[in-house]
Amino acid sequence: MPEHSVAADTLRHDWQREEVLALYALPFNDLLYRAHGVFRNWHDPNKVQISTLLSIKTGACSEDCAYCPQSGHYDTDIEPERLLSLEEVEQSATAAKASGASRFCMGAAWRNPTDKHLDEVIEMLGVVRNAGLETCMTLGMLSREQAQRLKAAGLDYYNHNLDTSPEFYGSIITTRTYQERLDTLEHVREAGIHVCCGGIIGMGESREDRTGLLLQLACMPSHPESVPINMLVQIKGTPLYGIEDLDPFEFVRTIAVARILMPQAYVRLSAGREGMNEQTQALCFFAGANSVFYGDTLLTAKNPAPHKDQRLFHRLGIEADQLPAPEASEPA
């Protein structure tokens with residue numbers, strides 16, 4: 001990592017709403033110029049961290065998240081599936097390693113894992129670590145004791161998104177409180193596990209709400225090591241299906257503001273890339289995104305095909321972990 005100027009970009013945890021709104025309001029070029037300067041001070045802007053995400057238990061979730069096709073409250077095309085076997089996880093992890101991923105994330109559609117669930121996923125951690133990958137899990141809410149068990153088993157990262165601002169949260173989810181999300185993050189941090197926490201943009205929220213989400217993240221005692229910024233993927237059957245799409249420039253602005261507020265974090269361009277053109281993605285990488293999910297599917301949503309990512313990174317001169325160079329015969 002390049003040396004950074006502490007005087008220019010001291011880590012802050014006391015951002016004020018007016019400051020963040022002022023960043024959002026900057027002319028687009030001025031905002032990207034500032035964000036890219038911060039980016040260069042803390043990271044190599046031409047390197048991207050690659051993660052792979054696998055759904056280890058799909059569907060029939062008791063939560064009512066308005067964006068999620070895995071919720072048992074909505075009639076979608078998602079069929080509930082059992083917890084994957086160790087062999088299936090091992091095969092997926094081995095393939096992810098071979099394709100160039102450095103981190104393997106496992107997601108289960110639970111409100112919170114039981115102790116029996118935890119026994120099973122801890123075994124999965126072992127096979128992923130044996131494949132030579134960093135480990136990440138998203139299993140729902142955790143107690144303090146469960147977080148400590150996962151740490152003892154060698155978990156590197158735990159993902160638990162805040163999704164949106166505290167003020168807009170009740171419009172999206174009613175089965176879990178915002179404070180419960182914050183409590184899980186506290187348990188994860190106390191256990192010594194790296195925090196992966198971000199949100200979803202384009203759910204009908206206002207710029208004030210996007211500001212509120214970023215403030216929650218940036219004013220934590222320690223910034224999340226990984227901050228996934230998702231663009232809503234609209235799924236037929238969910239309450240958010242059919243809402244107006246977010247302006248792509250507003251999404252890029254959110255990436256830029258996240259980079260300025262949390263300069264040391266990896267800002268991940270997450271769900272929604274399949275619906276973005278290459279130019280929008282390139283702007284996000286310039287604005288400070290330096291992590292992506294790689295592979296055809298993110299849990300149940302489509303993701304750009306691997307050959308498309310290889311070609312885009314190659315065209316932009318971005319080094320993405322150990323991804324192979326694209327073949328000339330690969331389709332664009």
# chains A, B, ... in the order shown; residues from 1 in each chain; ligands from 1
$ select_by_dssp --residues "range 120-233 of chain A" --states "alpha helix (DSSP H)" --output "NGL selection string"
:A and (120-130 or 144-152 or 166-169 or 178-191 or 207-218)
$ residues_around --residues "range 178-186 of chain A" --least-positions-apart "5" --cutoff "7 Å" --atoms "only C-alpha atoms" --output "NGL selection string"
:A and (141-143 or 160 or 162 or 166)
$ residues_around --residues "range 282-285 of chain A" --least-positions-apart "4" --cutoff "9 Å" --atoms "only C-alpha atoms" --output "tab-separated table (two decimals) with all heavy atoms, in the first residue's frame"
chain	number	residue	atom	x	y	z
A	32	LEU	N	-15.38	13.65	-7.48
A	32	LEU	CA	-14.54	12.53	-7.89
A	32	LEU	C	-13.05	12.87	-7.76
A	32	LEU	O	-12.24	12.00	-7.40
A	32	LEU	CB	-14.86	12.12	-9.33
A	32	LEU	CG	-15.83	10.92	-9.43
A	32	LEU	CD1	-17.17	11.26	-8.80
A	32	LEU	CD2	-16.01	10.48	-10.87
A	45	PRO	N	-4.69	2.55	-6.64
A	45	PRO	CA	-5.97	2.69	-7.34
A	45	PRO	C	-6.14	1.74	-8.51
A	45	PRO	O	-7.22	1.69	-9.11
A	45	PRO	CB	-5.95	4.15	-7.82
A	45	PRO	CG	-4.50	4.45	-7.99
A	45	PRO	CD	-3.79	3.70	-6.90
A	46	ASN	N	-5.10	0.98	-8.84
A	46	ASN	CA	-5.18	0.06	-9.96
A	46	ASN	C	-5.16	-1.40	-9.51
A	46	ASN	O	-4.80	-2.30	-10.28
A	46	ASN	CB	-4.03	0.32	-10.94
A	46	ASN	CG	-4.15	1.70	-11.58
A	46	ASN	OD1	-5.21	2.06	-12.07
A	46	ASN	ND2	-3.08	2.48	-11.53
A	48	VAL	N	-7.67	-4.30	-7.38
A	48	VAL	CA	-9.00	-4.59	-6.86
A	48	VAL	C	-8.98	-5.94	-6.15
A	48	VAL	O	-8.43	-6.92	-6.68
A	48	VAL	CB	-10.05	-4.62	-8.00
A	48	VAL	CG1	-11.42	-5.04	-7.47
A	48	VAL	CG2	-10.17	-3.26	-8.65
A	249	PHE	N	-25.36	8.28	-11.67
A	249	PHE	CA	-24.42	9.26	-11.14
A	249	PHE	C	-24.55	9.39	-9.62
A	249	PHE	O	-23.57	9.65	-8.92
A	249	PHE	CB	-24.62	10.63	-11.80
A	249	PHE	CG	-24.18	10.67	-13.24
A	249	PHE	CD1	-25.04	11.10	-14.23
A	249	PHE	CD2	-22.90	10.26	-13.61
A	249	PHE	CE1	-24.63	11.14	-15.55
A	249	PHE	CE2	-22.49	10.29	-14.93
A	249	PHE	CZ	-23.36	10.73	-15.91
A	251	PHE	N	-25.32	6.94	-7.66
A	251	PHE	CA	-24.63	5.76	-7.13
A	251	PHE	C	-23.13	6.01	-7.08
A	251	PHE	O	-22.47	5.72	-6.08
A	251	PHE	CB	-24.93	4.53	-7.98
A	251	PHE	CG	-24.35	3.26	-7.42
A	251	PHE	CD1	-25.02	2.56	-6.43
A	251	PHE	CD2	-23.13	2.78	-7.86
A	251	PHE	CE1	-24.48	1.40	-5.89
A	251	PHE	CE2	-22.58	1.63	-7.32
A	251	PHE	CZ	-23.26	0.94	-6.34
A	252	VAL	N	-22.58	6.56	-8.16
A	252	VAL	CA	-21.15	6.87	-8.18
A	252	VAL	C	-20.80	7.88	-7.09
A	252	VAL	O	-19.77	7.77	-6.42
A	252	VAL	CB	-20.71	7.39	-9.56
A	252	VAL	CG1	-19.23	7.75	-9.56
A	252	VAL	CG2	-21.00	6.36	-10.66
A	253	ARG	N	-21.67	8.88	-6.90
A	253	ARG	CA	-21.45	9.85	-5.81
A	253	ARG	C	-21.37	9.14	-4.46
A	253	ARG	O	-20.53	9.48	-3.61
A	253	ARG	CB	-22.58	10.88	-5.77
A	253	ARG	CG	-22.51	11.95	-6.85
A	253	ARG	CD	-23.67	12.93	-6.71
A	253	ARG	NE	-23.62	13.97	-7.74
A	253	ARG	CZ	-22.92	15.09	-7.64
A	253	ARG	NH1	-22.22	15.33	-6.54
A	253	ARG	NH2	-22.92	15.98	-8.62
A	255	ILE	N	-20.39	6.05	-3.82
A	255	ILE	CA	-19.08	5.40	-3.74
A	255	ILE	C	-18.01	6.42	-3.37
A	255	ILE	O	-17.17	6.17	-2.49
A	255	ILE	CB	-18.73	4.73	-5.09
A	255	ILE	CG1	-19.69	3.58	-5.42
A	255	ILE	CG2	-17.27	4.25	-5.08
A	255	ILE	CD1	-19.51	2.34	-4.59
A	256	ALA	N	-18.05	7.58	-4.00
A	256	ALA	CA	-17.04	8.61	-3.75
A	256	ALA	C	-17.11	9.12	-2.32
A	256	ALA	O	-16.07	9.29	-1.66
A	256	ALA	CB	-17.21	9.76	-4.74
A	269	LEU	N	-17.79	-2.64	-4.68
A	269	LEU	CA	-18.85	-2.52	-5.67
A	269	LEU	C	-19.53	-3.87	-5.72
A	269	LEU	O	-18.99	-4.83	-6.26
A	269	LEU	CB	-18.23	-2.13	-7.01
A	269	LEU	CG	-19.15	-1.81	-8.17
A	269	LEU	CD1	-20.11	-0.68	-7.83
A	269	LEU	CD2	-18.32	-1.45	-9.41
A	277	ASN	N	-23.49	-0.42	-16.89
A	277	ASN	CA	-22.60	-0.52	-18.04
A	277	ASN	C	-21.15	-0.38	-17.58
A	277	ASN	O	-20.88	-0.05	-16.42
A	277	ASN	CB	-22.95	0.49	-19.13
A	277	ASN	CG	-22.84	1.94	-18.67
A	277	ASN	OD1	-22.02	2.28	-17.82
A	277	ASN	ND2	-23.66	2.81	-19.25
A	278	GLU	N	-20.24	-0.66	-18.47
A	278	GLU	CA	-18.82	-0.63	-18.10
A	278	GLU	C	-18.36	0.77	-17.71
A	278	GLU	O	-17.49	0.93	-16.85
A	278	GLU	CB	-17.97	-1.17	-19.26
A	278	GLU	CG	-18.17	-2.66	-19.49
A	278	GLU	CD	-17.29	-3.17	-20.61
A	278	GLU	OE1	-16.97	-2.37	-21.53
A	278	GLU	OE2	-16.93	-4.37	-20.57
A	289	ALA	N	-13.90	2.64	-5.43
A	289	ALA	CA	-14.23	1.22	-5.23
A	289	ALA	C	-12.98	0.39	-5.53
A	289	ALA	O	-12.35	0.57	-6.57
A	289	ALA	CB	-15.37	0.80	-6.14
A	290	ASN	N	-12.63	-0.51	-4.62
A	290	ASN	CA	-11.45	-1.35	-4.85
A	290	ASN	C	-11.67	-2.79	-4.39
A	290	ASN	O	-10.75	-3.47	-3.97
A	290	ASN	CB	-10.21	-0.76	-4.20
A	290	ASN	CG	-10.34	-0.60	-2.69
A	290	ASN	OD1	-11.43	-0.62	-2.14
A	290	ASN	ND2	-9.20	-0.44	-2.02
A	291	SER	N	-12.92	-3.24	-4.52
A	291	SER	CA	-13.25	-4.63	-4.22
A	291	SER	C	-14.52	-4.96	-4.98
A	291	SER	O	-15.40	-4.11	-5.16
A	291	SER	CB	-13.45	-4.83	-2.71
A	291	SER	OG	-13.84	-6.16	-2.42
A	312	LEU	N	-12.83	-6.28	-18.68
A	312	LEU	CA	-12.93	-4.90	-18.20
A	312	LEU	C	-11.69	-4.50	-17.43
A	312	LEU	O	-11.11	-3.42	-17.65
A	312	LEU	CB	-14.18	-4.73	-17.34
A	312	LEU	CG	-14.38	-3.34	-16.71
A	312	LEU	CD1	-14.47	-2.26	-17.79
A	312	LEU	CD2	-15.62	-3.31	-15.82
A	316	LEU	N	-8.96	-1.53	-18.35
A	316	LEU	CA	-8.73	-0.41	-17.44
A	316	LEU	C	-7.33	-0.44	-16.82
A	316	LEU	O	-6.94	0.50	-16.13
A	316	LEU	CB	-9.78	-0.42	-16.31
A	316	LEU	CG	-11.23	-0.22	-16.74
A	316	LEU	CD1	-12.16	-0.32	-15.53
A	316	LEU	CD2	-11.43	1.11	-17.45
$ closest_atom_pairs --of "range 31-124 of chain A" --to "range 198-220 of chain A" --cutoff "12 Å" --atoms "only C-alpha atoms" --output "CSV"
residue,atom,partner,partner_atom,distance
A:Cys65,CA,A:Met203,CA,11.2
A:Ala66,CA,A:Met203,CA,8.9
A:Tyr67,CA,A:Met203,CA,7.8
A:Cys68,CA,A:Ile200,CA,11.2
$ write_last_selection --atoms "all heavy atoms" --output "CSV table (one decimal), in the first residue's frame"
chain,number,residue,atom,x,y,z
A,65,CYS,N,-37.4,-8.4,4.7
A,65,CYS,CA,-36.6,-7.4,4.0
A,65,CYS,C,-37.2,-7.2,2.6
A,65,CYS,O,-37.4,-8.2,1.8
A,65,CYS,CB,-35.2,-7.9,3.9
A,65,CYS,SG,-34.4,-8.3,5.4
A,66,ALA,N,-37.7,-6.0,2.3
A,66,ALA,CA,-38.5,-5.7,1.2
A,66,ALA,C,-37.7,-5.9,-0.2
A,66,ALA,O,-38.3,-6.0,-1.2
A,66,ALA,CB,-39.0,-4.3,1.2
A,67,TYR,N,-36.4,-6.0,-0.1
A,67,TYR,CA,-35.6,-6.2,-1.3
A,67,TYR,C,-35.3,-7.7,-1.6
A,67,TYR,O,-34.7,-8.0,-2.7
A,67,TYR,CB,-34.3,-5.4,-1.2
A,67,TYR,CG,-33.5,-5.8,0.1
A,67,TYR,CD1,-32.7,-6.9,0.2
A,67,TYR,CD2,-33.6,-4.9,1.2
A,67,TYR,CE1,-32.1,-7.2,1.4
A,67,TYR,CE2,-32.9,-5.3,2.4
A,67,TYR,CZ,-32.2,-6.4,2.5
A,67,TYR,OH,-31.5,-6.7,3.6
A,68,CYS,N,-35.6,-8.6,-0.7
A,68,CYS,CA,-35.0,-9.9,-0.7
A,68,CYS,C,-35.9,-11.0,-1.2
A,68,CYS,O,-36.9,-11.3,-0.6
A,68,CYS,CB,-34.5,-10.3,0.7
A,68,CYS,SG,-33.5,-11.8,0.7
$ select_by_dssp --residues "range 193-243 of chain A" --states "strand (DSSP E)" --output "NGL selection string"
:A and (194-196 or 199-201 or 226-231)
$ residues_around --residues "Gln49 in chain A" --least-positions-apart "5" --cutoff "12 Å" --atoms "only C-alpha atoms" --output "number ranges by chain"
A: 43-44, 100-104, 134, 226, 265-270, 285, 289-294, 313, 318-323
$ residues_around --residues "range 118-132 of chain A" --least-positions-apart "5" --cutoff "8 Å" --atoms "only C-alpha atoms" --output "MDAnalysis selection string"
chainID A and resid 86 89:90 93:94 97 104 113 146 150 153:155
$ write_last_selection --atoms "all heavy atoms" --output "short mmCIF file (atom, residue, chain, number, x, y, z; two decimals), in the first residue's frame"
data_model
loop_
_atom_site.label_atom_id
_atom_site.label_comp_id
_atom_site.auth_asym_id
_atom_site.auth_seq_id
_atom_site.Cartn_x
_atom_site.Cartn_y
_atom_site.Cartn_z
N LEU A 86 -20.51 -30.29 3.07
CA LEU A 86 -19.10 -29.90 3.11
C LEU A 86 -18.45 -30.09 1.75
O LEU A 86 -17.63 -29.27 1.32
CB LEU A 86 -18.36 -30.73 4.16
CG LEU A 86 -18.44 -30.29 5.61
CD1 LEU A 86 -17.67 -31.28 6.48
CD2 LEU A 86 -17.88 -28.89 5.77
N VAL A 89 -19.33 -27.20 -0.59
CA VAL A 89 -18.61 -25.99 -0.23
C VAL A 89 -17.15 -26.10 -0.64
O VAL A 89 -16.56 -25.16 -1.19
CB VAL A 89 -18.73 -25.72 1.28
CG1 VAL A 89 -17.82 -24.56 1.71
CG2 VAL A 89 -20.18 -25.42 1.65
N GLU A 90 -16.55 -27.26 -0.41
CA GLU A 90 -15.15 -27.47 -0.77
C GLU A 90 -14.95 -27.32 -2.27
O GLU A 90 -13.98 -26.68 -2.73
CB GLU A 90 -14.69 -28.85 -0.32
CG GLU A 90 -13.22 -29.12 -0.57
CD GLU A 90 -12.77 -30.46 -0.01
OE1 GLU A 90 -13.63 -31.32 0.23
OE2 GLU A 90 -11.55 -30.63 0.21
N ALA A 93 -15.18 -23.60 -3.13
CA ALA A 93 -14.01 -22.86 -2.66
C ALA A 93 -12.79 -23.14 -3.54
O ALA A 93 -12.03 -22.23 -3.88
CB ALA A 93 -13.71 -23.23 -1.21
N THR A 94 -12.62 -24.39 -3.92
CA THR A 94 -11.50 -24.75 -4.79
C THR A 94 -11.62 -24.05 -6.13
O THR A 94 -10.63 -23.54 -6.67
CB THR A 94 -11.45 -26.28 -4.98
OG1 THR A 94 -11.30 -26.92 -3.70
CG2 THR A 94 -10.29 -26.68 -5.88
N LYS A 97 -10.81 -20.30 -5.71
CA LYS A 97 -9.36 -20.08 -5.61
C LYS A 97 -8.71 -20.17 -6.99
O LYS A 97 -7.86 -19.34 -7.35
CB LYS A 97 -8.76 -21.12 -4.66
CG LYS A 97 -7.25 -21.06 -4.52
CD LYS A 97 -6.80 -19.82 -3.78
CE LYS A 97 -5.31 -19.86 -3.50
NZ LYS A 97 -4.84 -18.64 -2.79
N PHE A 104 -13.47 -15.94 0.34
CA PHE A 104 -14.65 -16.76 0.05
C PHE A 104 -15.72 -16.46 1.09
O PHE A 104 -15.52 -16.67 2.28
CB PHE A 104 -14.28 -18.25 0.09
CG PHE A 104 -15.33 -19.17 -0.45
CD1 PHE A 104 -15.50 -19.31 -1.82
CD2 PHE A 104 -16.15 -19.90 0.39
CE1 PHE A 104 -16.46 -20.17 -2.34
CE2 PHE A 104 -17.10 -20.76 -0.10
CZ PHE A 104 -17.27 -20.91 -1.48
N PRO A 113 -28.37 -17.87 13.41
CA PRO A 113 -28.05 -19.30 13.44
C PRO A 113 -28.28 -19.90 14.82
O PRO A 113 -28.08 -19.24 15.85
CB PRO A 113 -26.57 -19.32 13.07
CG PRO A 113 -26.04 -18.01 13.57
CD PRO A 113 -27.16 -17.02 13.39
N GLN A 146 -21.63 -16.56 20.15
CA GLN A 146 -21.49 -17.12 18.80
C GLN A 146 -20.37 -16.44 18.02
O GLN A 146 -19.62 -17.09 17.31
CB GLN A 146 -22.83 -16.97 18.05
CG GLN A 146 -23.91 -17.91 18.54
CD GLN A 146 -25.23 -17.67 17.84
OE1 GLN A 146 -25.60 -16.53 17.55
NE2 GLN A 146 -25.96 -18.74 17.57
N LEU A 150 -17.01 -18.26 16.37
CA LEU A 150 -16.57 -18.12 14.99
C LEU A 150 -15.13 -17.60 14.92
O LEU A 150 -14.34 -18.04 14.07
CB LEU A 150 -17.51 -17.18 14.24
CG LEU A 150 -18.91 -17.76 13.93
CD1 LEU A 150 -19.82 -16.67 13.38
CD2 LEU A 150 -18.81 -18.92 12.94
N ALA A 153 -12.81 -20.36 15.60
CA ALA A 153 -12.74 -21.29 14.48
C ALA A 153 -11.95 -20.73 13.30
O ALA A 153 -11.72 -21.43 12.32
CB ALA A 153 -14.16 -21.65 14.01
N GLY A 154 -11.55 -19.45 13.39
CA GLY A 154 -10.70 -18.88 12.36
C GLY A 154 -11.41 -18.00 11.35
O GLY A 154 -10.84 -17.70 10.29
N LEU A 155 -12.63 -17.53 11.66
CA LEU A 155 -13.34 -16.65 10.72
C LEU A 155 -12.61 -15.31 10.61
O LEU A 155 -12.28 -14.69 11.61
CB LEU A 155 -14.78 -16.42 11.17
CG LEU A 155 -15.63 -15.54 10.25
CD1 LEU A 155 -15.81 -16.20 8.89
CD2 LEU A 155 -17.00 -15.24 10.88
#
$ closest_residue --among "A:Leu53, A:Met231, A:Pro263, A:Val257" --to "Ala25 in chain A" --atoms "only C-alpha atoms"
A:Val257
$ atom_distance --atom1 "CA of Val195 in chain A" --atom2 "CA of Asp245 in chain A"
29.1 Å
